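Have a look at protein_4.csv; it's CSV, C-alpha atoms:
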```
chain,number,residue,atom,x,y,z
N,4,MET,CA,98.8,190.7,72.0
N,5,ARG,CA,100.9,193.5,70.4
N,6,THR,CA,101.3,195.0,73.9
N,7,TYR,CA,102.4,191.7,75.4
N,8,LEU,CA,104.9,191.0,72.6
N,9,TRP,CA,106.4,194.5,73.0
N,10,VAL,CA,106.9,193.9,76.7
N,11,ILE,CA,108.8,190.6,76.2
N,12,THR,CA,110.8,191.8,73.2
N,13,ARG,CA,111.4,195.5,73.6
N,14,GLY,CA,110.3,196.3,77.2
N,15,VAL,CA,112.9,194.0,78.7
N,16,GLY,CA,115.5,196.5,77.8
N,17,ILE,CA,113.9,199.3,79.8
N,18,PRO,CA,116.0,198.8,82.9
N,19,ASN,CA,119.3,199.1,81.0
N,20,VAL,CA,118.2,202.2,79.0
N,21,HIS,CA,116.5,204.1,81.8
N,22,ASN,CA,118.4,202.7,84.8
N,23,ILE,CA,115.2,201.4,86.3
N,24,PRO,CA,115.7,198.6,88.8
N,25,LEU,CA,114.4,195.3,87.4
N,26,GLY,CA,112.9,194.4,90.7
N,27,ALA,CA,110.7,197.5,90.7
N,28,LEU,CA,109.3,196.5,87.3
N,29,ASN,CA,108.7,193.0,88.5
N,30,SER,CA,106.7,194.3,91.4
N,31,HIS,CA,104.5,196.4,89.1
N,32,ILE,CA,104.1,193.4,86.8
N,33,HIS,CA,103.0,191.1,89.6
N,34,LEU,CA,100.5,193.7,90.8
N,35,TYR,CA,99.0,194.1,87.3
N,36,LYS,CA,98.6,190.3,86.8
N,37,ALA,CA,97.0,189.9,90.2
N,38,SER,CA,94.5,192.7,89.3
N,39,HIS,CA,93.8,191.5,85.8
N,40,LYS,CA,93.2,187.8,86.2
N,41,ASP,CA,91.5,187.4,82.7
N,42,PHE,CA,94.7,188.7,81.1
N,43,ALA,CA,96.9,186.5,83.2
N,44,GLN,CA,94.8,183.4,82.5
N,45,ALA,CA,94.9,184.1,78.8
N,46,PHE,CA,98.7,183.9,78.7
N,47,TYR,CA,99.6,181.6,81.5
N,48,SER,CA,96.8,179.0,81.5
N,49,SER,CA,99.1,176.1,80.6
N,50,SER,CA,101.1,176.5,83.8
N,51,GLY,CA,98.5,178.3,86.0
N,52,TRP,CA,98.5,182.0,86.1
N,53,LEU,CA,98.8,182.1,89.9
N,54,SER,CA,102.4,180.8,89.8
N,55,TYR,CA,103.3,183.8,87.6
N,56,ALA,CA,101.2,186.5,89.2
N,57,SER,CA,102.3,185.8,92.7
N,58,HIS,CA,105.8,184.7,93.6
N,59,ASN,CA,106.8,183.8,97.1
N,60,VAL,CA,105.6,186.8,99.2
N,61,LEU,CA,109.2,187.3,100.3
N,62,GLU,CA,110.4,187.7,96.7
N,63,THR,CA,107.7,190.2,96.2
N,64,LEU,CA,108.7,192.3,99.2
N,65,ASP,CA,112.4,192.0,98.1
N,66,ASN,CA,111.7,193.1,94.6
N,67,ALA,CA,109.8,196.1,95.9
N,68,LYS,CA,112.7,197.4,98.0
N,69,ARG,CA,113.6,200.1,95.4
N,70,LEU,CA,110.1,201.4,94.9
N,71,LYS,CA,109.6,204.8,96.4
N,72,LEU,CA,106.8,204.7,99.1
N,73,GLU,CA,105.9,207.5,101.4
N,74,ASP,CA,105.1,205.2,104.3
N,75,PRO,CA,107.6,202.3,105.0
N,76,ARG,CA,104.8,200.3,106.6
N,77,ASP,CA,103.2,199.9,103.1
N,78,ARG,CA,106.2,197.8,102.1
N,79,VAL,CA,104.3,195.1,104.0
N,80,TYR,CA,100.7,196.1,103.9
N,81,ALA,CA,100.5,196.9,100.2
N,82,PHE,CA,102.0,193.7,98.9
N,83,THR,CA,100.7,191.1,101.3
N,84,GLU,CA,97.2,191.9,99.9
N,85,LEU,CA,98.3,190.3,96.6
N,86,PRO,CA,97.6,186.6,96.0
N,87,GLN,CA,100.3,184.4,97.6
N,88,ALA,CA,101.7,181.1,96.7
N,89,PRO,CA,99.9,178.0,98.1
N,90,GLY,CA,100.5,177.5,101.8
N,91,GLN,CA,101.2,181.2,102.4
N,92,HIS,CA,98.5,183.3,104.0
N,93,ILE,CA,100.4,186.0,105.7
N,94,LYS,CA,98.3,189.2,105.8
N,95,PRO,CA,98.9,191.4,108.8
N,96,TRP,CA,96.0,193.7,109.6
N,97,PRO,CA,97.1,197.2,108.7
N,98,ASN,CA,97.6,199.3,111.8
N,99,TYR,CA,99.2,202.7,111.1
N,100,ARG,CA,99.6,203.4,114.8
N,101,ASP,CA,102.4,200.9,114.9
N,102,SER,CA,106.0,201.8,113.9
N,103,TYR,CA,107.3,200.4,110.7
N,104,LEU,CA,109.8,198.3,112.5
N,105,TYR,CA,107.0,196.7,114.6
N,106,THR,CA,105.2,196.1,111.3
N,107,TYR,CA,108.2,194.2,109.9
N,108,ARG,CA,108.5,192.2,113.1
N,109,GLN,CA,104.8,191.3,113.1
N,110,PHE,CA,105.0,190.1,109.5
N,111,ALA,CA,108.2,188.1,110.1
N,112,THR,CA,106.6,186.5,113.2
N,113,GLU,CA,103.4,185.5,111.3
N,114,TYR,CA,105.5,184.2,108.4
N,115,VAL,CA,107.6,181.9,110.6
N,116,GLN,CA,104.5,180.6,112.4
N,117,ALA,CA,102.6,180.0,109.1
N,118,THR,CA,105.5,178.3,107.1
N,119,LYS,CA,107.5,176.6,109.9
N,120,ASP,CA,110.7,177.3,108.0
N,121,THR,CA,113.7,179.6,108.0
N,122,THR,CA,113.4,181.0,104.5
N,123,ILE,CA,112.8,184.5,105.8
N,124,LEU,CA,116.5,184.6,107.0
N,125,ASP,CA,117.6,184.6,103.3
N,126,TYR,CA,116.2,188.1,103.0
N,127,VAL,CA,117.9,189.7,106.0
N,128,CYS,CA,120.0,192.8,105.0
N,129,HIS,CA,121.0,195.3,107.7
N,130,GLY,CA,123.0,197.8,105.7
N,131,ASP,CA,126.1,198.8,107.6
N,132,LYS,CA,124.7,198.4,111.2
N,133,VAL,CA,122.3,196.3,113.2
N,134,LEU,CA,119.5,198.1,115.0
N,135,VAL,CA,118.9,197.3,118.7
N,136,ASP,CA,115.2,197.9,118.7
N,137,ILE,CA,114.2,195.0,116.3
N,138,PRO,CA,115.4,191.4,116.4
N,139,SER,CA,118.3,190.8,114.0
N,140,TRP,CA,116.5,188.0,112.2
N,141,VAL,CA,113.7,190.3,110.9
N,142,PRO,CA,114.2,191.6,107.4
N,143,ARG,CA,114.4,195.3,106.9
N,144,TRP,CA,112.3,195.9,103.8
N,145,GLU,CA,113.1,199.7,103.7
N,146,ILE,CA,116.8,199.1,103.0
N,147,PRO,CA,117.2,199.2,99.2
N,148,GLN,CA,119.9,196.5,99.1
N,149,TRP,CA,119.7,192.8,98.4
N,150,SER,CA,121.1,190.0,100.5
N,151,LEU,CA,123.5,187.5,99.1
N,152,SER,CA,121.2,184.6,100.1
N,153,SER,CA,118.2,186.0,98.2
N,154,HIS,CA,120.1,186.5,95.0
N,155,PHE,CA,122.8,183.9,95.0
N,156,GLY,CA,121.5,181.2,97.3
N,157,LEU,CA,121.8,177.5,96.4
N,158,GLU,CA,118.8,175.7,95.0
N,159,THR,CA,119.0,173.2,97.9
N,160,ALA,CA,119.6,174.6,101.3
N,161,PRO,CA,122.3,172.9,103.4
N,162,GLN,CA,120.9,170.4,106.0
N,163,SER,CA,122.1,168.8,109.1
N,164,ARG,CA,124.4,165.7,109.0
N,165,THR,CA,121.4,163.5,109.6
N,166,GLN,CA,119.2,165.4,107.0
N,167,THR,CA,116.8,166.0,109.9
N,168,THR,CA,114.3,168.9,109.4
N,169,HIS,CA,114.1,171.3,112.3
N,170,GLU,CA,111.2,173.7,112.6
N,171,PRO,CA,112.1,177.1,113.9
N,172,SER,CA,110.2,178.6,116.8
N,173,ILE,CA,109.8,182.1,118.3
N,174,GLU,CA,110.6,182.3,121.9
N,175,ASP,CA,108.9,184.5,124.5
N,176,ASP,CA,111.7,187.1,124.3
N,177,GLY,CA,111.3,187.4,120.5
N,178,SER,CA,114.4,185.4,119.6
N,179,LEU,CA,114.2,182.8,116.8
N,180,LYS,CA,115.2,179.3,117.8
N,181,VAL,CA,116.9,177.5,114.9
N,182,ARG,CA,119.2,174.6,114.4
N,183,GLY,CA,122.7,175.0,112.9
N,184,VAL,CA,126.4,174.7,113.2
N,185,ILE,CA,129.3,177.2,113.7
N,186,PHE,CA,132.4,176.2,111.7
N,187,ASP,CA,134.7,179.2,111.2
N,188,THR,CA,135.7,182.7,112.2
N,189,VAL,CA,136.2,185.8,110.1
N,190,LEU,CA,139.9,186.8,110.1
N,191,TYR,CA,140.0,189.6,107.6
N,192,ILE,CA,137.4,192.0,106.0
N,193,SER,CA,138.0,194.4,103.2
N,194,ASP,CA,137.1,198.0,103.0
N,195,LEU,CA,133.5,198.9,102.3
N,196,HIS,CA,132.7,200.5,99.0
N,197,GLN,CA,129.3,202.1,98.7
N,198,ARG,CA,129.8,203.3,95.1
N,199,LYS,CA,130.8,201.0,92.2
N,200,GLU,CA,133.1,203.7,90.8
N,201,SER,CA,135.3,203.5,93.9
N,202,ILE,CA,136.1,199.8,93.3
N,203,THR,CA,139.3,199.8,91.2
N,204,ALA,CA,141.8,197.2,90.2
N,205,GLU,CA,144.2,198.7,92.8
N,206,ALA,CA,141.6,198.2,95.5
N,207,ILE,CA,141.2,194.5,94.5
N,208,ARG,CA,144.9,194.0,94.4
N,209,ARG,CA,145.2,195.3,97.9
N,210,ILE,CA,142.6,192.7,99.0
N,211,TRP,CA,144.7,190.0,97.3
N,212,GLU,CA,147.9,191.2,98.9
N,213,SER,CA,146.1,191.1,102.3
N,214,VAL,CA,145.0,187.5,101.6
N,215,THR,CA,148.5,186.3,100.5
N,216,ALA,CA,150.1,188.1,103.5
N,217,SER,CA,148.0,186.1,106.0
N,218,ILE,CA,149.5,183.2,107.8
N,219,VAL,CA,146.5,180.9,107.6
N,220,GLU,CA,146.8,177.7,105.7
N,221,CYS,CA,145.4,177.8,102.2
N,222,PRO,CA,142.8,175.1,101.6
N,223,TYR,CA,142.8,175.7,97.8
N,224,VAL,CA,145.3,173.1,96.5
N,225,ALA,CA,145.4,171.4,93.2
N,226,SER,CA,144.8,167.6,93.0
N,227,ASN,CA,148.5,166.9,92.9
N,228,GLY,CA,148.8,168.4,96.3
N,229,ASN,CA,151.7,170.7,95.7
N,230,GLN,CA,150.4,173.6,93.7
N,231,SER,CA,148.3,176.4,95.2
N,232,ILE,CA,145.2,177.4,93.2
N,233,ARG,CA,144.3,180.2,95.7
N,234,LEU,CA,144.3,182.9,92.9
N,235,GLU,CA,141.7,180.9,90.9
N,236,ALA,CA,139.6,180.6,94.1
N,237,PHE,CA,140.0,184.3,94.8
N,238,LEU,CA,138.8,185.3,91.4
N,239,ASP,CA,135.8,183.0,91.7
N,240,ALA,CA,135.0,184.4,95.2
N,241,LEU,CA,134.9,187.9,93.8
N,242,SER,CA,132.3,186.9,91.2
N,243,VAL,CA,130.3,184.8,93.6
N,244,GLY,CA,131.1,181.8,91.4
N,245,ARG,CA,129.0,183.2,88.6
N,246,TYR,CA,129.7,184.6,85.2
N,247,GLU,CA,128.0,186.9,82.8
N,248,GLY,CA,127.7,186.9,79.0
N,249,ASP,CA,129.6,184.5,76.7
N,250,TYR,CA,131.6,182.1,78.9
N,251,ASN,CA,134.6,181.9,76.5
N,252,GLN,CA,134.9,185.7,76.5
N,253,TRP,CA,134.4,185.7,80.3
N,254,ILE,CA,137.5,183.5,80.7
N,255,LEU,CA,139.5,185.8,78.5
N,256,ASP,CA,138.3,188.8,80.4
N,257,THR,CA,139.2,187.1,83.7
N,258,GLU,CA,142.7,186.4,82.5
N,259,SER,CA,143.0,190.0,81.3
N,260,PHE,CA,142.0,191.4,84.6
N,261,ALA,CA,144.4,189.2,86.6
N,262,LYS,CA,147.3,190.2,84.4
N,263,GLY,CA,146.4,193.9,84.3
N,264,ALA,CA,145.8,194.0,88.1
N,265,ARG,CA,149.2,192.2,88.6
N,266,LEU,CA,147.7,189.4,90.7
N,267,LYS,CA,150.4,186.9,91.3
N,268,GLN,CA,149.8,183.2,92.0
N,269,THR,CA,151.3,182.0,95.3
N,270,SER,CA,152.9,178.9,93.8
N,271,ARG,CA,155.9,177.8,91.8
N,272,ASN,CA,153.9,178.3,88.6
N,273,GLU,CA,153.3,182.0,89.1
N,274,ASN,CA,153.1,182.8,85.4
N,275,LYS,CA,150.6,180.1,84.6
N,276,PHE,CA,147.0,181.2,84.7
N,277,PRO,CA,144.9,178.2,83.6
N,278,THR,CA,141.8,178.8,81.5
N,279,ARG,CA,138.7,177.2,83.0
N,280,PHE,CA,135.7,175.9,81.1
N,281,LEU,CA,132.9,174.6,83.3
N,282,ARG,CA,131.3,171.4,82.4
N,283,THR,CA,127.8,171.6,80.9
N,284,SER,CA,126.3,169.8,83.9
N,285,LEU,CA,127.8,172.3,86.4
N,286,VAL,CA,126.7,175.3,84.3
N,287,SER,CA,123.1,174.1,84.3
N,288,LYS,CA,123.3,173.3,88.0
N,289,LEU,CA,124.5,176.6,89.2
N,290,ARG,CA,122.3,179.7,89.0
N,291,ARG,CA,124.7,181.6,86.7
N,292,LEU,CA,123.9,185.1,85.6
N,293,ARG,CA,124.0,185.8,81.8
N,294,SER,CA,123.5,188.8,79.5
N,295,SER,CA,123.6,189.4,75.8
N,296,ILE,CA,126.1,192.3,76.1
N,297,SER,CA,129.1,191.9,73.8
N,298,HIS,CA,132.6,192.6,75.1
N,299,TYR,CA,135.9,193.4,73.5
N,300,ARG,CA,139.1,191.4,73.9
N,301,ASN,CA,141.7,193.4,75.7
N,302,SER,CA,145.0,192.5,77.4
N,303,THR,CA,144.8,195.4,79.8
N,304,ILE,CA,142.3,197.0,82.1
N,305,ALA,CA,141.4,200.5,83.3
N,306,THR,CA,142.4,200.9,86.9
N,307,GLU,CA,140.0,203.8,87.5
N,308,GLY,CA,136.9,201.9,86.4
N,309,ALA,CA,136.3,203.7,83.1
N,310,ASP,CA,136.8,200.6,80.9
N,311,ASN,CA,133.7,198.8,79.9
N,312,SER,CA,135.4,196.1,77.8
N,313,ASN,CA,136.2,193.7,80.7
N,314,ALA,CA,133.1,191.7,81.6
N,315,TYR,CA,134.7,190.2,84.7
N,316,PHE,CA,135.9,193.4,86.2
N,317,ASN,CA,132.6,195.2,85.8
N,318,PHE,CA,130.6,192.2,87.1
N,319,VAL,CA,132.9,192.0,90.2
N,320,ARG,CA,132.4,195.7,90.9
N,321,ARG,CA,128.6,195.2,91.0
N,322,MET,CA,129.0,192.2,93.3
N,323,ILE,CA,131.3,194.0,95.8
N,324,VAL,CA,129.5,197.3,96.1
N,325,GLY,CA,127.8,197.3,99.5
N,326,LYS,CA,129.6,194.1,100.5
N,327,ARG,CA,132.9,193.0,102.0
N,328,PHE,CA,135.4,190.5,100.9
N,329,ILE,CA,136.3,188.1,103.8
N,330,LEU,CA,139.0,185.6,104.7
N,331,THR,CA,138.3,183.1,107.4
N,332,ALA,CA,140.6,181.4,110.0
N,333,ARG,CA,140.4,178.2,107.9
N,334,GLY,CA,141.6,180.1,104.8
N,335,TYR,CA,138.2,180.3,103.0
N,336,MET,CA,137.3,183.3,100.9
N,337,GLY,CA,134.0,184.9,99.9
N,338,LEU,CA,131.7,187.9,100.2
N,339,ALA,CA,129.7,188.9,103.2
N,340,PRO,CA,127.3,191.7,104.2
N,341,ALA,CA,128.6,195.2,105.0
N,342,VAL,CA,127.8,194.8,108.7
N,343,VAL,CA,130.4,191.9,109.2
N,344,ARG,CA,133.3,192.6,111.5
N,345,GLU,CA,136.6,190.7,112.2
N,346,GLY,CA,135.9,188.0,114.8
N,347,ALA,CA,132.4,187.3,113.6
N,348,LEU,CA,131.3,183.7,113.3
N,349,CYS,CA,130.7,181.7,110.1
N,350,GLY,CA,128.0,179.0,110.3
N,351,ASN,CA,125.0,177.3,108.8
N,352,VAL,CA,121.4,177.8,109.9
N,353,PHE,CA,119.8,174.7,108.5
N,354,GLY,CA,117.2,175.6,105.9
N,355,CYS,CA,119.0,178.8,104.7
N,356,ARG,CA,120.3,178.8,101.2
N,357,THR,CA,123.8,180.0,102.0
N,358,PRO,CA,126.1,180.0,105.0
N,359,CYS,CA,125.7,182.9,107.3
N,360,ILE,CA,127.5,185.4,109.5
N,361,LEU,CA,126.7,185.5,113.3
N,362,GLN,CA,127.8,187.8,116.1
N,363,ARG,CA,128.3,186.6,119.6
N,364,THR,CA,126.2,188.1,122.5
N,365,SER,CA,126.6,187.9,126.2
N,366,ARG,CA,124.1,185.0,126.4
N,367,GLU,CA,125.2,181.5,125.6
N,368,LYS,CA,123.9,180.2,122.2
N,369,HIS,CA,122.4,183.6,121.5
N,370,TYR,CA,123.6,185.4,118.4
N,371,LYS,CA,122.9,188.4,116.2
N,372,PHE,CA,122.1,187.3,112.7
N,373,LEU,CA,124.2,189.5,110.3
N,374,GLY,CA,123.0,187.9,107.1
N,375,GLY,CA,124.0,185.4,104.4
N,376,MET,CA,127.4,185.1,102.8
N,377,THR,CA,129.1,183.1,100.0
N,378,LEU,CA,132.2,181.1,100.4
N,379,MET,CA,134.3,179.2,97.9
N,380,GLY,CA,134.7,175.6,99.0
N,381,LYS,CA,138.0,173.9,98.9
N,382,GLU,CA,136.6,171.2,96.6
N,383,SER,CA,137.7,171.8,92.9
N,384,PHE,CA,137.3,169.7,89.8
N,385,GLU,CA,139.5,169.4,86.7
N,386,THR,CA,138.1,168.9,83.2
N,387,GLU,CA,139.6,166.6,80.6
N,388,GLU,CA,141.5,169.7,79.2
N,389,GLY,CA,143.1,170.3,82.6
N,390,ASP,CA,141.0,173.3,83.4
N,391,ILE,CA,140.1,174.0,87.1
N,392,GLY,CA,136.7,174.9,88.6
N,393,PHE,CA,135.4,175.3,92.1
N,394,TYR,CA,132.2,174.3,94.0
N,395,ILE,CA,130.5,176.8,96.2
N,396,LEU,CA,130.5,175.9,99.9
N,397,GLY,CA,127.1,174.3,100.6
N,398,GLU,CA,126.7,172.4,97.4
N,399,ASP,CA,126.4,168.7,97.6
N,400,GLU,CA,130.1,168.3,96.5
N,401,SER,CA,131.3,170.9,99.0
N,402,LYS,CA,130.1,170.3,102.5
N,403,ASP,CA,133.4,170.6,104.2
N,404,TRP,CA,132.1,171.2,107.7
N,405,ILE,CA,130.6,167.7,107.9
N,406,ASP,CA,134.2,166.3,108.4
N,407,TRP,CA,135.2,169.0,110.9
N,408,ASP,CA,135.1,168.7,114.7
N,409,VAL,CA,132.1,171.0,115.1
N,410,ASP,CA,128.8,170.3,116.8
N,411,GLU,CA,125.4,171.0,115.6
N,412,GLN,CA,123.4,173.0,118.1
N,413,ASP,CA,120.3,174.9,118.9
N,414,MET,CA,120.8,178.6,118.2
N,415,TYR,CA,118.8,181.6,119.4
N,416,LEU,CA,118.8,184.6,117.0
N,417,CYS,CA,118.1,187.8,118.9
```
Here is the file; what I need is its structure written in the form of structure tokens.
Amino acid sequence: MRTYLWVITRGVGIPNVHNIPLGALNSHIHLYKASHKDFAQAFYSSSGWLSYASHNVLETLDNAKRLKLEDPRDRVYAFTELPQAPGQHIKPWPNYRDSYLYTYRQFATEYVQATKDTTILDYVCHGDKVLVDIPSWVPRWEIPQWSLSSHFGLETAPQSRTQTTHEPSIEDDGSLKVRGVIFDTVLYISDLHQRKESITAEAIRRIWESVTASIVECPYVASNGNQSIRLEAFLDALSVGRYEGDYNQWILDTESFAKGARLKQTSRNENKFPTRFLRTSLVSKLRRLRSSISHYRNSTIATEGADNSNAYFNFVRRMIVGKRFILTARGYMGLAPAVVREGALCGNVFGCRTPCILQRTSREKHYKFLGGMTLMGKESFETEEGDIGFYILGEDESKDWIDWDVDEQDMYLC
């Protein structure tokens, strides 16, 4: 009992003190619980120890990405031997004569055939390039980066207009047949930053200037119809619609960053930067990130990234590293995987927890799957105090593509 209490009260701070990825710790914890059922049952009997000892097998593999393993094939073989959630029995027979990419493909194939869903696409992360010797829909478990879908996906995946469920299937050529819709095109992508320290206020201001210099129509307009709220949407897009720490302080830090970075609103009310307090119902609905870190009030920011007093700026830097900011032809803004390029397609694969990025191929209806993305929808709300907030594209209140002239279709991810 003393050991357990230490883990939940003191051990939780280990990742911050020693810079150990939390996912790596979770992988060890899951393995320990699976190997010590008596211990797990003693502490989790009220809810069933299995639900704690074995998450979705995809979450387990995703959490283990930062673990150092000598053989990349063990990123599948080692963890699929753990107990899995009900309905999942994916255990490829270990064969070390196969390449690790073939192992990943075999696992992905068995997963789709066993579950009959597209959840595996939420874990696709290619790094900065797509390999040609493995289908683009197969997750690369050796890349120590997370996808936007696996960490920031919506609780309810977007569905078709008719709410019809479509089961994916694997074709003879190895492509994955899914159902979805293409609704937009990537017009602009930001530079790629592989280190958090290289993301400065100046770099973010350049992104904002590129957005405001574009000739696309802005979909982010206040309810009165004559005031742009693009800056508010831009700031939300950078933080993936989330916040960290105390929300009141977060608002102050966001204002501080916008002023210090000299981000100007593209409307007649340039000097007005409205404070936004989210409604309790929305806060509980979204999967917002929180921390107990305290922050100082400050009206300026450090342009070289040395200032730790601004929660918003530091959170945004963590979100952007390894990702790209995008602007679409319809004027929507968000974050996308590093591999995205201008001209890529934006769409929904029904069953995935976020919209996704697709790349055309020479074959009709055949696409490369580049990964999930996050976009800020045009739908905003206003509180009684006059504060503004946004819904993330894909939420029930923000399914803009339903009203667009776009057709749902069968897609083949190759």
Given the choices N:Lys119, N:Arg208, N:Lys71, N:Arg100, which gets closest to Glu170 (chain N) if the distance is worked out from only C-alpha atoms? N:Lys119
Report, in Å with one decimal, the straight-line distance from CA of Gly397 (chain N) to CA of Pro142 (chain N). 22.6 Å
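Among the candidate residues N:Ala264, N:Ala314, N:Met322, N:Ile192, the one lying nearest to Asp249 (chain N) is N:Ala314, with distances computed using only C-alpha atoms.
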Skip Asp410 (chain N) itself and residues of its chain fewer than 2 positions away, then list as a PyMOL selection string all residues within 8 Å of it, counting all atoms listed in the file. chain N and resi 184-185+408+412
Those same residues - C-alpha atoms - I'd like them written as a tab-separated table (two decimals), in the coordinates of the input.
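Output file again06.tsv follows:
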```tsv
chain	number	residue	atom	x	y	z
N	184	VAL	CA	126.40	174.70	113.20
N	185	ILE	CA	129.30	177.20	113.70
N	408	ASP	CA	135.10	168.70	114.70
N	412	GLN	CA	123.40	173.00	118.10
```
Find the residues near Ala160 (chain N): any atom within 7 Å, counting all atoms listed in the file, skip ones fewer than 6 places away on the same chain, and give them as an mmCIF file with C-alpha atoms, keeping the file's coordinate frame.
```cif
data_model
loop_
_atom_site.group_PDB
_atom_site.id
_atom_site.type_symbol
_atom_site.label_atom_id
_atom_site.label_comp_id
_atom_site.auth_asym_id
_atom_site.auth_seq_id
_atom_site.Cartn_x
_atom_site.Cartn_y
_atom_site.Cartn_z
ATOM 1 C CA GLY N 354 117.200 175.600 105.900
ATOM 2 C CA CYS N 355 119.000 178.800 104.700
ATOM 3 C CA ARG N 356 120.300 178.800 101.200
ATOM 4 C CA THR N 357 123.800 180.000 102.000
#
```
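Comparing the minimum interatomic distances between Ala216 (chain N) and each of N:Arg363, N:Gln109, N:Gly334, N:Ile93, counting only C-alpha atoms, we find that N:Gly334 sits nearest.
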Asp136 (chain N) environment, 12 Å, only C-alpha atoms, sequence neighbours closer than 5 positions dropped, as JSON, numbers by chain: {"N": [102, 103, 104, 105, 107, 108, 141, 177, 417]}
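Among N:His129, N:Arg344, N:His169, N:Arg164, the residue with the shortest atom-to-atom distance to Leu330 (chain N), counting only C-alpha atoms, is N:Arg344.
CA of Phe316 (chain N) is found 14.5 Å from CA of Ile210 (chain N).
Among the candidates N:Trp144, N:Tyr223, N:Pro161, N:Ser193, the residue lying nearest to Ile405 (chain N) is N:Pro161 (atoms considered: all atoms listed in the file).
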Find the nearest atom pair between each residue of region 319-416 of chain N and region 121-126 of chain N for residues within 12 Å, count only C-alpha atoms, give distances in Å to one decimal, sort rows by chain and ascending number, and present the table as CSV.
```
residue,atom,partner,partner_atom,distance
N:Pro340,CA,N:Tyr126,CA,11.7
N:Asn351,CA,N:Leu124,CA,11.3
N:Val352,CA,N:Thr121,CA,8.1
N:Phe353,CA,N:Thr121,CA,7.8
N:Gly354,CA,N:Thr121,CA,5.7
N:Cys355,CA,N:Thr122,CA,6.0
N:Arg356,CA,N:Asp125,CA,6.7
N:Thr357,CA,N:Asp125,CA,7.8
N:Pro358,CA,N:Asp125,CA,9.8
N:Cys359,CA,N:Asp125,CA,9.2
N:Ile360,CA,N:Leu124,CA,11.3
N:Lys371,CA,N:Leu124,CA,11.8
N:Phe372,CA,N:Leu124,CA,8.4
N:Leu373,CA,N:Leu124,CA,9.7
N:Gly374,CA,N:Leu124,CA,7.3
N:Gly375,CA,N:Asp125,CA,6.5
N:Met376,CA,N:Asp125,CA,9.8
N:Leu416,CA,N:Leu124,CA,10.3
```
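Considering only C-alpha atoms, the residue among N:Lys267, N:Arg182, N:Arg245, N:Arg320 positioned nearest to Val214 (chain N) is N:Lys267.
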Would you fill the gaps in region 153-162 of chain N so it has N, CA, C and O atoms, then print it as a PDB file, in the coordinates of the input?
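Contents of the output file result_22.pdb:
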```pdb
ATOM      1  N   SER N 153     119.377 185.875  99.054  1.00  0.00           N
ATOM      2  CA  SER N 153     118.200 186.000  98.200  1.00  0.00           C
ATOM      3  C   SER N 153     118.528 185.971  96.736  1.00  0.00           C
ATOM      4  O   SER N 153     117.722 185.535  95.919  1.00  0.00           O
ATOM      5  N   HIS N 154     119.727 186.439  96.371  1.00  0.00           N
ATOM      6  CA  HIS N 154     120.100 186.500  95.000  1.00  0.00           C
ATOM      7  C   HIS N 154     121.020 185.404  94.511  1.00  0.00           C
ATOM      8  O   HIS N 154     121.029 185.049  93.330  1.00  0.00           O
ATOM      9  N   PHE N 155     121.814 184.858  95.418  1.00  0.00           N
ATOM     10  CA  PHE N 155     122.800 183.900  95.000  1.00  0.00           C
ATOM     11  C   PHE N 155     122.762 182.605  95.847  1.00  0.00           C
ATOM     12  O   PHE N 155     123.732 181.856  95.916  1.00  0.00           O
ATOM     13  N   GLY N 156     121.641 182.381  96.508  1.00  0.00           N
ATOM     14  CA  GLY N 156     121.500 181.200  97.300  1.00  0.00           C
ATOM     15  C   GLY N 156     121.487 179.918  96.498  1.00  0.00           C
ATOM     16  O   GLY N 156     121.123 179.920  95.315  1.00  0.00           O
ATOM     17  N   LEU N 157     121.869 178.803  97.111  1.00  0.00           N
ATOM     18  CA  LEU N 157     121.800 177.500  96.400  1.00  0.00           C
ATOM     19  C   LEU N 157     120.412 177.049  96.270  1.00  0.00           C
ATOM     20  O   LEU N 157     119.522 177.420  97.029  1.00  0.00           O
ATOM     21  N   GLU N 158     120.192 176.228  95.258  1.00  0.00           N
ATOM     22  CA  GLU N 158     118.800 175.700  95.000  1.00  0.00           C
ATOM     23  C   GLU N 158     118.378 174.813  96.144  1.00  0.00           C
ATOM     24  O   GLU N 158     117.201 174.768  96.474  1.00  0.00           O
ATOM     25  N   THR N 159     119.311 174.080  96.729  1.00  0.00           N
ATOM     26  CA  THR N 159     119.000 173.200  97.900  1.00  0.00           C
ATOM     27  C   THR N 159     119.728 173.708  99.080  1.00  0.00           C
ATOM     28  O   THR N 159     120.959 173.792  99.090  1.00  0.00           O
ATOM     29  N   ALA N 160     119.000 174.039 100.130  1.00  0.00           N
ATOM     30  CA  ALA N 160     119.600 174.600 101.300  1.00  0.00           C
ATOM     31  C   ALA N 160     120.389 173.512 102.072  1.00  0.00           C
ATOM     32  O   ALA N 160     119.959 172.354 102.139  1.00  0.00           O
ATOM     33  N   PRO N 161     121.562 173.860 102.630  1.00  0.00           N
ATOM     34  CA  PRO N 161     122.300 172.900 103.400  1.00  0.00           C
ATOM     35  C   PRO N 161     121.498 172.380 104.608  1.00  0.00           C
ATOM     36  O   PRO N 161     120.782 173.136 105.258  1.00  0.00           O
ATOM     37  N   GLN N 162     121.630 171.082 104.865  1.00  0.00           N
ATOM     38  CA  GLN N 162     120.900 170.400 106.000  1.00  0.00           C
ATOM     39  C   GLN N 162     121.860 169.892 106.989  1.00  0.00           C
ATOM     40  O   GLN N 162     123.072 169.935 106.830  1.00  0.00           O
TER      41      GLN N 162
END
```
